[in-house]
$ cat coords.tsv   # TSV, C-alpha atoms and all ligand atoms
chain	number	residue	atom	x	y	z
M	1	MET	CA	76.86	122.18	91.29
M	2	ASN	CA	78.50	122.42	94.70
M	3	PHE	CA	80.65	119.55	95.85
M	4	VAL	CA	81.71	118.25	99.25
M	5	ASP	CA	84.07	115.70	100.76
M	6	LEU	CA	82.73	114.03	103.89
M	7	HIS	CA	85.76	111.89	104.74
M	8	THR	CA	89.17	113.50	105.25
M	9	HIS	CA	92.19	113.08	107.52
M	10	SER	CA	94.78	115.48	108.87
M	11	THR	CA	97.92	115.24	110.99
M	12	ALA	CA	95.63	114.88	114.01
M	13	SER	CA	95.61	111.20	112.97
M	14	ASP	CA	97.36	109.68	109.97
M	15	GLY	CA	97.10	112.38	107.31
M	16	THR	CA	100.11	114.46	106.27
M	17	LEU	CA	98.43	117.88	105.98
M	18	THR	CA	97.64	119.89	109.10
M	19	PRO	CA	93.96	120.68	109.75
M	20	GLU	CA	94.62	124.21	108.43
M	21	GLU	CA	96.23	122.82	105.28
M	22	VAL	CA	93.31	120.46	104.65
M	23	VAL	CA	90.91	123.42	104.92
M	24	ALA	CA	93.09	125.58	102.66
M	25	ARG	CA	93.35	122.85	100.05
M	26	ALA	CA	89.60	122.18	100.10
M	27	SER	CA	88.96	125.91	99.61
M	28	PHE	CA	91.51	126.07	96.81
M	29	LEU	CA	89.78	123.16	95.08
M	30	GLY	CA	86.46	124.98	95.33
M	31	LEU	CA	84.70	122.51	97.62
M	32	LYS	CA	81.70	123.85	99.49
M	33	ALA	CA	82.09	121.66	102.57
M	34	ILE	CA	84.32	119.01	104.08
M	35	ALA	CA	84.05	116.79	107.13
M	36	LEU	CA	87.31	116.36	109.01
M	37	THR	CA	87.14	112.76	110.24
M	38	ASP	CA	90.39	111.85	111.95
M	39	HIS	CA	90.81	108.40	113.46
M	40	ASP	CA	89.64	108.14	117.07
M	41	THR	CA	90.12	111.85	117.77
M	42	VAL	CA	88.54	115.29	117.48
M	43	ASP	CA	91.86	117.00	118.22
M	44	GLY	CA	92.12	118.67	114.80
M	45	ILE	CA	88.61	120.12	114.82
M	46	ALA	CA	89.22	123.42	116.65
M	47	ARG	CA	92.10	124.30	114.32
M	48	ALA	CA	90.12	123.33	111.22
M	49	LYS	CA	87.12	125.37	112.38
M	50	GLN	CA	89.32	128.37	113.02
M	51	ALA	CA	90.89	128.07	109.56
M	52	ALA	CA	87.49	127.65	107.91
M	53	ARG	CA	86.22	130.89	109.49
M	54	SER	CA	88.26	132.98	107.09
M	55	SER	CA	87.02	131.05	104.04
M	56	SER	CA	83.67	130.17	102.53
M	57	LEU	CA	84.22	126.49	103.30
M	58	GLU	CA	81.72	124.78	105.57
M	59	LEU	CA	83.50	122.57	108.08
M	60	ILE	CA	81.66	119.55	109.46
M	61	PRO	CA	83.39	118.47	112.66
M	62	GLY	CA	83.74	114.71	112.53
M	63	MET	CA	85.68	111.61	113.47
M	64	GLU	CA	86.21	108.02	112.31
M	65	LEU	CA	86.04	105.36	115.00
M	66	SER	CA	87.32	101.80	114.66
M	67	CYS	CA	85.69	98.74	116.14
M	68	ILE	CA	85.59	95.01	115.56
M	69	TYR	CA	82.67	93.21	113.94
M	70	GLN	CA	83.06	89.41	113.95
M	71	GLY	CA	86.84	89.63	113.74
M	72	THR	CA	86.84	92.33	111.06
M	73	GLU	CA	87.81	95.89	111.81
M	74	ILE	CA	85.13	98.30	110.65
M	75	HIS	CA	85.07	102.09	110.72
M	76	ILE	CA	82.19	104.33	111.67
M	77	LEU	CA	82.26	107.99	110.67
M	78	GLY	CA	80.64	110.49	112.99
M	79	PHE	CA	79.50	113.97	111.87
M	80	PHE	CA	78.58	117.10	113.82
M	81	ALA	CA	80.77	116.27	116.80
M	82	ASP	CA	81.19	118.86	119.52
M	83	GLU	CA	84.91	118.73	120.18
M	84	THR	CA	84.41	120.49	123.53
M	85	ASP	CA	81.99	117.83	124.82
M	86	ARG	CA	83.79	116.27	127.80
M	87	GLN	CA	81.69	113.12	127.57
M	88	LEU	CA	82.81	112.65	123.99
M	89	THR	CA	86.51	113.34	124.54
M	90	LYS	CA	86.49	111.05	127.58
M	91	GLY	CA	84.90	108.27	125.52
M	92	LEU	CA	87.43	108.75	122.71
M	93	ASN	CA	90.26	108.64	125.25
M	94	GLU	CA	89.00	105.33	126.56
M	95	PHE	CA	88.88	103.89	123.04
M	96	ARG	CA	92.41	105.12	122.37
M	97	GLN	CA	93.60	103.56	125.62
M	98	ILE	CA	92.11	100.21	124.65
M	99	ARG	CA	93.94	100.49	121.33
M	100	CYS	CA	97.20	101.54	123.05
M	101	ARG	CA	97.01	98.60	125.44
M	102	ARG	CA	96.41	96.32	122.49
M	103	ASN	CA	99.41	97.79	120.64
M	104	ASP	CA	101.66	97.50	123.71
M	105	ASN	CA	100.63	93.87	124.14
M	106	MET	CA	101.16	93.08	120.46
M	107	LEU	CA	104.57	94.73	120.52
M	108	ARG	CA	105.57	92.87	123.68
M	109	ARG	CA	104.55	89.54	122.14
M	110	PHE	CA	106.57	90.20	119.00
M	111	GLN	CA	109.58	91.28	121.07
M	112	GLU	CA	109.32	88.22	123.33
M	113	ASP	CA	109.44	86.05	120.21
M	114	GLY	CA	112.65	87.77	119.10
M	115	PHE	CA	111.29	90.24	116.54
M	116	ASP	CA	113.41	93.40	116.38
M	117	ILE	CA	110.53	95.91	116.48
M	118	THR	CA	110.23	99.02	118.66
M	119	MET	CA	107.48	101.57	119.29
M	120	GLU	CA	109.65	104.15	117.46
M	121	ASP	CA	109.64	101.90	114.38
M	122	LEU	CA	105.86	101.79	114.51
M	123	MET	CA	105.44	105.54	114.96
M	124	HIS	CA	107.82	106.33	112.12
M	125	GLY	CA	108.58	109.85	113.35
M	126	ASN	CA	104.97	110.86	113.97
M	127	SER	CA	104.18	110.66	117.67
M	128	ASP	CA	100.53	111.68	116.99
M	129	THR	CA	99.89	108.76	114.70
M	130	VAL	CA	97.23	106.24	115.67
M	131	ILE	CA	99.08	102.93	115.60
M	132	THR	CA	97.14	100.27	113.75
M	133	ARG	CA	97.81	96.76	112.51
M	134	ALA	CA	98.84	98.40	109.22
M	135	HIS	CA	101.79	99.96	111.05
M	136	PHE	CA	102.87	96.53	112.31
M	137	ALA	CA	102.46	95.17	108.77
M	138	ARG	CA	104.68	97.90	107.36
M	139	VAL	CA	107.45	97.40	109.92
M	140	LEU	CA	107.36	93.60	109.55
M	141	THR	CA	107.75	94.09	105.80
M	142	GLU	CA	110.46	96.74	106.05
M	143	LYS	CA	112.48	94.54	108.40
M	144	GLY	CA	112.20	91.59	106.07
M	145	TYR	CA	110.10	89.31	108.29
M	146	VAL	CA	107.53	89.06	105.48
M	147	SER	CA	107.62	89.93	101.79
M	148	SER	CA	104.52	92.15	101.81
M	149	PRO	CA	102.08	93.82	104.21
M	150	ALA	CA	99.38	91.40	103.04
M	151	LYS	CA	101.59	88.47	104.12
M	152	ALA	CA	102.10	90.17	107.49
M	153	PHE	CA	98.34	90.27	108.00
M	154	ASP	CA	97.97	86.62	106.98
M	155	LYS	CA	100.85	85.31	109.02
M	156	TYR	CA	100.96	87.45	112.16
M	157	LEU	CA	98.18	90.00	112.42
M	158	GLN	CA	94.96	88.02	112.40
M	159	TYR	CA	92.54	88.83	115.18
M	160	GLY	CA	92.54	86.02	117.71
M	161	GLY	CA	96.04	84.94	116.61
M	162	PRO	CA	99.10	84.70	118.87
M	163	TYR	CA	100.01	88.39	118.45
M	164	CYS	CA	96.65	90.07	118.21
M	165	THR	CA	94.04	89.06	120.75
M	166	ARG	CA	90.41	89.75	120.17
M	167	LYS	CA	89.66	90.69	123.75
M	168	GLU	CA	90.99	94.21	123.87
M	169	THR	CA	88.90	95.73	121.17
M	170	VAL	CA	86.14	98.29	120.91
M	171	THR	CA	82.78	96.89	119.81
M	172	PRO	CA	80.33	98.46	117.32
M	173	LYS	CA	77.86	98.78	120.22
M	174	GLN	CA	80.34	100.87	122.23
M	175	VAL	CA	80.97	103.17	119.28
M	176	MET	CA	77.29	103.60	118.50
M	177	GLU	CA	76.45	104.25	122.13
M	178	LEU	CA	79.07	106.97	122.40
M	179	MET	CA	77.91	108.63	119.19
M	180	ASN	CA	74.24	108.49	120.16
M	181	ARG	CA	74.94	109.78	123.64
M	182	CYS	CA	77.02	112.68	122.29
M	183	HIS	CA	74.67	113.56	119.41
M	184	VAL	CA	77.10	112.54	116.69
M	185	TRP	CA	75.56	111.44	113.36
M	186	PRO	CA	76.86	107.89	112.64
M	187	CYS	CA	77.67	106.58	109.18
M	188	LEU	CA	79.34	103.29	108.24
M	189	ALA	CA	82.56	104.09	106.36
M	190	HIS	CA	83.66	102.41	103.09
M	191	PRO	CA	81.56	99.22	103.45
M	192	MET	CA	83.30	97.50	100.52
M	193	GLN	CA	86.71	97.64	102.18
M	194	TYR	CA	85.84	94.95	104.69
M	195	GLY	CA	85.58	92.20	102.08
M	196	LEU	CA	82.32	90.93	103.57
M	197	GLY	CA	80.34	90.58	100.36
M	198	TYR	CA	76.95	92.23	99.82
M	199	GLU	CA	74.93	89.80	101.91
M	200	GLU	CA	77.10	90.08	105.00
M	201	THR	CA	77.44	93.84	104.45
M	202	GLU	CA	73.66	94.11	104.52
M	203	LYS	CA	73.57	92.12	107.76
M	204	LEU	CA	76.16	94.43	109.28
M	205	VAL	CA	74.23	97.48	108.10
M	206	LEU	CA	71.00	96.19	109.66
M	207	LEU	CA	72.75	95.37	112.93
M	208	LEU	CA	74.24	98.85	113.09
M	209	LYS	CA	70.91	100.38	112.11
M	210	GLU	CA	69.39	98.71	115.18
M	211	LEU	CA	72.10	100.44	117.19
M	212	GLY	CA	71.30	103.84	115.69
M	213	LEU	CA	73.23	104.04	112.39
M	214	ARG	CA	71.86	106.78	110.10
M	215	GLY	CA	74.20	106.88	107.10
M	216	LEU	CA	76.14	104.66	104.70
M	217	GLU	CA	79.24	105.80	102.83
M	218	VAL	CA	77.99	104.88	99.39
M	219	TYR	CA	80.59	106.97	97.53
M	220	HIS	CA	84.25	106.39	98.41
M	221	SER	CA	87.60	106.31	96.60
M	222	SER	CA	87.74	102.52	96.96
M	223	HIS	CA	84.24	101.90	95.53
M	224	HIS	CA	83.65	101.57	91.84
M	225	GLN	CA	80.34	102.66	90.33
M	226	PRO	CA	78.51	99.28	90.38
M	227	GLN	CA	79.45	98.92	94.06
M	228	SER	CA	78.14	102.40	94.83
M	229	ALA	CA	74.93	101.58	92.97
M	230	ARG	CA	74.52	98.41	95.02
M	231	LEU	CA	75.27	100.26	98.26
M	232	GLN	CA	72.70	102.88	97.31
M	233	VAL	CA	70.10	100.09	97.19
M	234	ILE	CA	71.26	98.68	100.54
M	235	ALA	CA	71.11	102.15	102.10
M	236	LYS	CA	67.61	102.79	100.79
M	237	LYS	CA	66.37	99.40	101.95
M	238	ALA	CA	67.76	100.00	105.43
M	239	GLY	CA	66.44	103.57	105.60
M	240	LEU	CA	69.92	105.10	105.72
M	241	LEU	CA	71.13	108.23	103.98
M	242	PRO	CA	74.01	107.96	101.50
M	243	SER	CA	77.23	109.77	102.28
M	244	GLY	CA	80.43	110.17	100.32
M	245	GLY	CA	84.03	111.14	100.73
M	246	SER	CA	87.51	110.58	99.40
M	247	ASP	CA	89.29	109.35	102.57
M	248	PHE	CA	91.96	111.94	101.83
M	249	HIS	CA	95.23	111.34	103.74
M	250	GLY	CA	97.52	113.80	101.94
M	251	GLY	CA	100.89	112.31	101.07
M	252	ASN	CA	100.09	109.06	102.88
M	253	LYS	CA	97.73	108.24	100.00
M	254	PRO	CA	99.04	110.53	97.26
M	255	ASP	CA	96.69	109.18	94.59
M	256	ILE	CA	93.62	110.34	96.52
M	257	GLU	CA	92.66	114.00	96.11
M	258	LEU	CA	90.24	115.95	98.28
M	259	GLY	CA	86.74	115.86	96.83
M	260	ARG	CA	87.84	113.74	93.86
M	261	GLY	CA	89.30	110.55	95.26
M	262	ARG	CA	91.18	108.85	92.46
M	263	GLY	CA	89.60	111.11	89.86
M	264	GLY	CA	85.97	110.19	89.36
M	265	LEU	CA	84.52	110.89	92.78
M	266	ARG	CA	82.17	113.87	93.01
M	267	VAL	CA	79.84	114.20	95.97
M	268	SER	CA	77.02	116.73	95.72
M	269	TYR	CA	76.20	119.23	98.44
M	270	ALA	CA	72.59	117.99	98.19
M	271	LEU	CA	73.66	114.88	100.01
M	272	LEU	CA	75.03	116.91	102.91
M	273	GLU	CA	71.77	118.87	103.04
M	274	ASP	CA	69.85	115.62	103.51
M	275	ILE	CA	72.28	114.61	106.24
M	276	LYS	CA	71.90	117.96	107.99
M	277	ASP	CA	68.10	117.65	107.89
M	278	ASP	CA	68.36	114.18	109.35
M	279	TYR	CA	70.72	115.39	112.04
M	280	LYS	CA	68.09	117.91	113.13
M	281	ARG	CA	65.63	115.05	113.45
M	282	MET	CA	68.20	113.04	115.39
M	283	VAL	CA	68.85	115.72	118.00
M	284	SER	CA	65.27	116.99	118.28
M	285	PRO	CA	63.11	113.92	117.73
M	286	SER	CA	59.94	115.37	119.22
M	287	PHE	CA	60.10	118.60	117.22
M	288	PHE	CA	60.88	116.91	113.95
M	289	SER	CA	58.87	113.71	114.24
M	290	SER	CA	55.97	115.36	112.43
M	291	GLN	CA	58.17	116.34	109.47
M	292	PRO	CA	58.01	114.01	106.48
M	293	VAL	CA	61.26	112.19	105.79
M	294	ARG	CA	62.59	113.33	102.42
M	295	GLU	CA	63.79	110.82	99.87
M	296	PRO	CA	67.56	111.10	99.77
M	297	SER	CA	68.98	113.03	96.85
M	298	VAL	CA	70.26	110.70	94.19
M	299	LEU	CA	73.66	111.52	92.87
M	300	CYS	CA	76.30	109.79	90.89
M	301	PRO	CA	80.02	110.33	90.74
M	302	GLU	CA	80.79	112.40	87.67
M	303	PRO	CA	83.92	112.31	85.56
M	304	SER	CA	86.53	114.66	86.95
M	305	SER	CA	86.66	118.11	85.43
M	306	SER	CA	89.69	119.58	83.77
M	307	GLN	CA	90.36	121.98	86.65
M	308	ALA	CA	94.09	122.21	87.17
M	309	LEU	CA	95.30	120.93	90.50
M	310	GLN	CA	98.31	121.78	92.53
M	311	PRO	CA	100.42	118.72	93.34
M	312	LEU	CA	100.05	117.41	96.84
M	313	LEU	CA	102.65	118.36	99.37
M	314	PRO	CA	105.50	115.88	99.19
M	315	ALA	CA	104.65	112.65	100.94
M	316	LYS	CA	106.43	111.97	104.16
M	317	GLU	CA	108.48	108.88	103.67
M	318	HIS	CA	106.21	106.80	105.87
M	319	THR	CA	103.64	105.68	103.34
M	320	LEU	CA	101.34	103.16	104.91
M	321	PRO	CA	100.68	99.99	102.97
M	322	SER	CA	96.97	100.11	103.76
M	323	ARG	CA	94.72	101.55	106.34
M	324	GLY	CA	93.41	98.29	107.84
M	325	GLU	CA	93.88	98.62	111.54
M	401	ZN	ZN	89.22	107.33	106.78
$ encode --input "coords.tsv" --output "structure tokens"
Amino acid sequence: MNFVDLHTHSTASDGTLTPEEVVARASFLGLKAIALTDHDTVDGIARAKQAARSSSLELIPGMELSCIYQGTEIHILGFFADETDRQLTKGLNEFRQIRCRRNDNMLRRFQEDGFDITMEDLMHGNSDTVITRAHFARVLTEKGYVSSPAKAFDKYLQYGGPYCTRKETVTPKQVMELMNRCHVWPCLAHPMQYGLGYEETEKLVLLLKELGLRGLEVYHSSHHQPQSARLQVIAKKAGLLPSGGSDFHGGNKPDIELGRGRGGLRVSYALLEDIKDDYKRMVSPSFFSSQPVREPSVLCPEPSSSQALQPLLPAKEHTLPSRGE
């Protein structure tokens, strides 16, 4: 069976492998396709595409956009992005600017209250990194203001709190509008990571479906099998296609391997075929409206094979505590 990984990160956002290295590693591991889905950017796509040309790997140009749903940061993956689309890159720039303004404001508020934190601390030697609340949590922990990143979130980094206002955030509607406008196939990433519970997750899924959502990341490194089974039901009920990926970040999450997650994740190529069919319907609704909608392929994560793996490149020392923004 051919396997894919539809959720990966490179140095274009917060991964530690370059786009070329991600492609090379995926080829080495025998994957048939990967989606490069860096946070809030398509900057790594051209390089990944170029690298994939000299291999048999299929590269799905993607992205992962953050937005706020009722005070919780959620992530929406987008597949089949055209990285040369000016409308898209302009929209992504605007989102990044909103995030930058938010980060500047947060930093200023901490500094005004006497916290010894600088932008350099937050970037940790990687000027391309997308600064998130996780970066603040790490620095607050490293500097001894809190005992753990989780405490930093509880004490200082709540949305609507004194350091993190809710105003300057991107909404799910804005993300969905940009993706729809730019013909990017939208898929809610790792639904279990938001801690919403199944009922609220279903509500979120239905709200996003109204806005044009087409996929749900049923298989992910952070989901165990019963969760994936439950998400499969939610996806089917909402008329969404299942997707799956590891959320590979290289050395920033050294326990997560491309295509395998923490060991048991295996995502079949059949799932990508369904997504590609649906993408054709999405971009050519009149032509494809007469085509029957196929039932999504059912697949389950399989136990990892005994294929020997090369160790990951050494992790840079800036290991993020979590990826919550
Ligand atoms: Zn991700």
$ atom_distance --input "coords.tsv" --atom1 "CA of Leu204 (chain M)" --atom2 "CA of Pro191 (chain M)"
9.3 Å
$ residues_near_ligand --input "coords.tsv" --ligand "ligand ZN 401 (chain M)" --cutoff "10 Å" --atoms "all atoms listed in the file" --output "short mmCIF file (atom, residue, chain, number, x, y, z; two decimals) with C-alpha atoms, in the coordinates of the input"
data_model
loop_
_atom_site.label_atom_id
_atom_site.label_comp_id
_atom_site.auth_asym_id
_atom_site.auth_seq_id
_atom_site.Cartn_x
_atom_site.Cartn_y
_atom_site.Cartn_z
CA LEU M 6 82.73 114.03 103.89
CA HIS M 7 85.76 111.89 104.74
CA THR M 8 89.17 113.50 105.25
CA HIS M 9 92.19 113.08 107.52
CA SER M 13 95.61 111.20 112.97
CA ASP M 14 97.36 109.68 109.97
CA GLY M 15 97.10 112.38 107.31
CA LEU M 36 87.31 116.36 109.01
CA THR M 37 87.14 112.76 110.24
CA ASP M 38 90.39 111.85 111.95
CA HIS M 39 90.81 108.40 113.46
CA MET M 63 85.68 111.61 113.47
CA GLU M 64 86.21 108.02 112.31
CA LEU M 65 86.04 105.36 115.00
CA SER M 66 87.32 101.80 114.66
CA HIS M 75 85.07 102.09 110.72
CA ILE M 76 82.19 104.33 111.67
CA LEU M 77 82.26 107.99 110.67
CA ALA M 189 82.56 104.09 106.36
CA HIS M 190 83.66 102.41 103.09
CA HIS M 220 84.25 106.39 98.41
CA GLY M 245 84.03 111.14 100.73
CA SER M 246 87.51 110.58 99.40
CA ASP M 247 89.29 109.35 102.57
CA PHE M 248 91.96 111.94 101.83
CA HIS M 249 95.23 111.34 103.74
CA ARG M 323 94.72 101.55 106.34
#
$ residues_around --input "coords.tsv" --residues "region 91-93 of chain M" --least-positions-apart "5" --cutoff "7 Å" --atoms "only C-alpha atoms" --output "list in words"
Asp40, Thr41 and Leu178 of chain M
$ residues_near_point --input "coords.tsv" --point "(71.0, 93.9, 104.9)" --cutoff "12 Å" --atoms "all atoms listed in the file" --output "PDB file with C-alpha atoms, keeping the file's coordinate frame"
ATOM      1  CA  PRO M 191      81.560  99.220 103.450  1.00  0.00           C
ATOM      2  CA  LEU M 196      82.320  90.930 103.570  1.00  0.00           C
ATOM      3  CA  GLY M 197      80.340  90.580 100.360  1.00  0.00           C
ATOM      4  CA  TYR M 198      76.950  92.230  99.820  1.00  0.00           C
ATOM      5  CA  GLU M 199      74.930  89.800 101.910  1.00  0.00           C
ATOM      6  CA  GLU M 200      77.100  90.080 105.000  1.00  0.00           C
ATOM      7  CA  THR M 201      77.440  93.840 104.450  1.00  0.00           C
ATOM      8  CA  GLU M 202      73.660  94.110 104.520  1.00  0.00           C
ATOM      9  CA  LYS M 203      73.570  92.120 107.760  1.00  0.00           C
ATOM     10  CA  LEU M 204      76.160  94.430 109.280  1.00  0.00           C
ATOM     11  CA  VAL M 205      74.230  97.480 108.100  1.00  0.00           C
ATOM     12  CA  LEU M 206      71.000  96.190 109.660  1.00  0.00           C
ATOM     13  CA  LEU M 207      72.750  95.370 112.930  1.00  0.00           C
ATOM     14  CA  LEU M 208      74.240  98.850 113.090  1.00  0.00           C
ATOM     15  CA  LYS M 209      70.910 100.380 112.110  1.00  0.00           C
ATOM     16  CA  GLU M 210      69.390  98.710 115.180  1.00  0.00           C
ATOM     17  CA  LEU M 216      76.140 104.660 104.700  1.00  0.00           C
ATOM     18  CA  ARG M 230      74.520  98.410  95.020  1.00  0.00           C
ATOM     19  CA  LEU M 231      75.270 100.260  98.260  1.00  0.00           C
ATOM     20  CA  GLN M 232      72.700 102.880  97.310  1.00  0.00           C
ATOM     21  CA  VAL M 233      70.100 100.090  97.190  1.00  0.00           C
ATOM     22  CA  ILE M 234      71.260  98.680 100.540  1.00  0.00           C
ATOM     23  CA  ALA M 235      71.110 102.150 102.100  1.00  0.00           C
ATOM     24  CA  LYS M 236      67.610 102.790 100.790  1.00  0.00           C
ATOM     25  CA  LYS M 237      66.370  99.400 101.950  1.00  0.00           C
ATOM     26  CA  ALA M 238      67.760 100.000 105.430  1.00  0.00           C
ATOM     27  CA  GLY M 239      66.440 103.570 105.600  1.00  0.00           C
ATOM     28  CA  LEU M 240      69.920 105.100 105.720  1.00  0.00           C
TER      29      LEU M 240
END
$ atom_distance --input "coords.tsv" --atom1 "CA of Thr72 (chain M)" --atom2 "CA of Gln193 (chain M)"
10.3 Å
$ residues_around --input "coords.tsv" --residues "region 31-33 of chain M" --least-positions-apart "6" --cutoff "6 Å" --atoms "all atoms listed in the file" --output "PDB file with C-alpha atoms, in the frame of the given file"
ATOM      1  CA  ASN M   2      78.500 122.420  94.700  1.00  0.00           C
ATOM      2  CA  PHE M   3      80.650 119.550  95.850  1.00  0.00           C
ATOM      3  CA  VAL M   4      81.710 118.250  99.250  1.00  0.00           C
ATOM      4  CA  LEU M  57      84.220 126.490 103.300  1.00  0.00           C
ATOM      5  CA  GLU M  58      81.720 124.780 105.570  1.00  0.00           C
ATOM      6  CA  LEU M  59      83.500 122.570 108.080  1.00  0.00           C
TER       7      LEU M  59
END
$ atom_distance --input "coords.tsv" --atom1 "CA of Val170 (chain M)" --atom2 "CA of Ile98 (chain M)"
7.3 Å
$ decode --input "coords.tsv" --residues "region 63-111 of chain M" --atoms "C-alpha atoms" --output "tab-separated table (two decimals), in the first residue's frame"
chain	number	residue	atom	x	y	z
M	63	MET	CA	-0.40	25.71	4.53
M	64	GLU	CA	-1.77	25.71	8.09
M	65	LEU	CA	-3.60	28.86	9.16
M	66	SER	CA	-4.40	29.81	12.74
M	67	CYS	CA	-7.55	31.54	13.89
M	68	ILE	CA	-9.57	31.95	17.04
M	69	TYR	CA	-12.84	30.13	17.71
M	70	GLN	CA	-14.55	31.23	20.94
M	71	GLY	CA	-11.24	32.02	22.62
M	72	THR	CA	-9.53	28.83	21.43
M	73	GLU	CA	-6.88	28.86	18.76
M	74	ILE	CA	-7.73	26.42	15.98
M	75	HIS	CA	-5.76	25.48	12.89
M	76	ILE	CA	-7.06	24.99	9.39
M	77	LEU	CA	-4.95	23.12	6.85
M	78	GLY	CA	-5.18	24.17	3.23
M	79	PHE	CA	-4.16	21.91	0.31
M	80	PHE	CA	-3.45	22.65	-3.35
M	81	ALA	CA	-2.34	26.23	-2.73
M	82	ASP	CA	-0.86	28.18	-5.61
M	83	GLU	CA	2.13	29.85	-4.00
M	84	THR	CA	2.33	32.35	-6.87
M	85	ASP	CA	-1.25	33.58	-6.35
M	86	ARG	CA	-0.86	37.24	-5.34
M	87	GLN	CA	-4.29	37.28	-3.72
M	88	LEU	CA	-3.26	34.39	-1.50
M	89	THR	CA	0.16	35.73	-0.51
M	90	LYS	CA	-1.38	39.14	0.20
M	91	GLY	CA	-4.01	37.52	2.44
M	92	LEU	CA	-1.36	35.48	4.28
M	93	ASN	CA	0.72	38.64	4.77
M	94	GLU	CA	-2.24	40.37	6.34
M	95	PHE	CA	-2.78	37.45	8.74
M	96	ARG	CA	0.91	37.48	9.66
M	97	GLN	CA	0.76	41.22	10.28
M	98	ILE	CA	-2.19	40.79	12.62
M	99	ARG	CA	-0.19	38.15	14.48
M	100	CYS	CA	2.94	40.35	14.54
M	101	ARG	CA	0.98	43.28	15.94
M	102	ARG	CA	-0.47	40.98	18.57
M	103	ASN	CA	3.01	39.70	19.47
M	104	ASP	CA	4.45	43.24	19.65
M	105	ASN	CA	1.60	44.30	21.92
M	106	MET	CA	1.97	41.25	24.14
M	107	LEU	CA	5.71	41.80	24.41
M	108	ARG	CA	5.25	45.49	25.21
M	109	ARG	CA	2.75	44.65	27.97
M	110	PHE	CA	5.10	42.12	29.54
M	111	GLN	CA	8.01	44.58	29.34
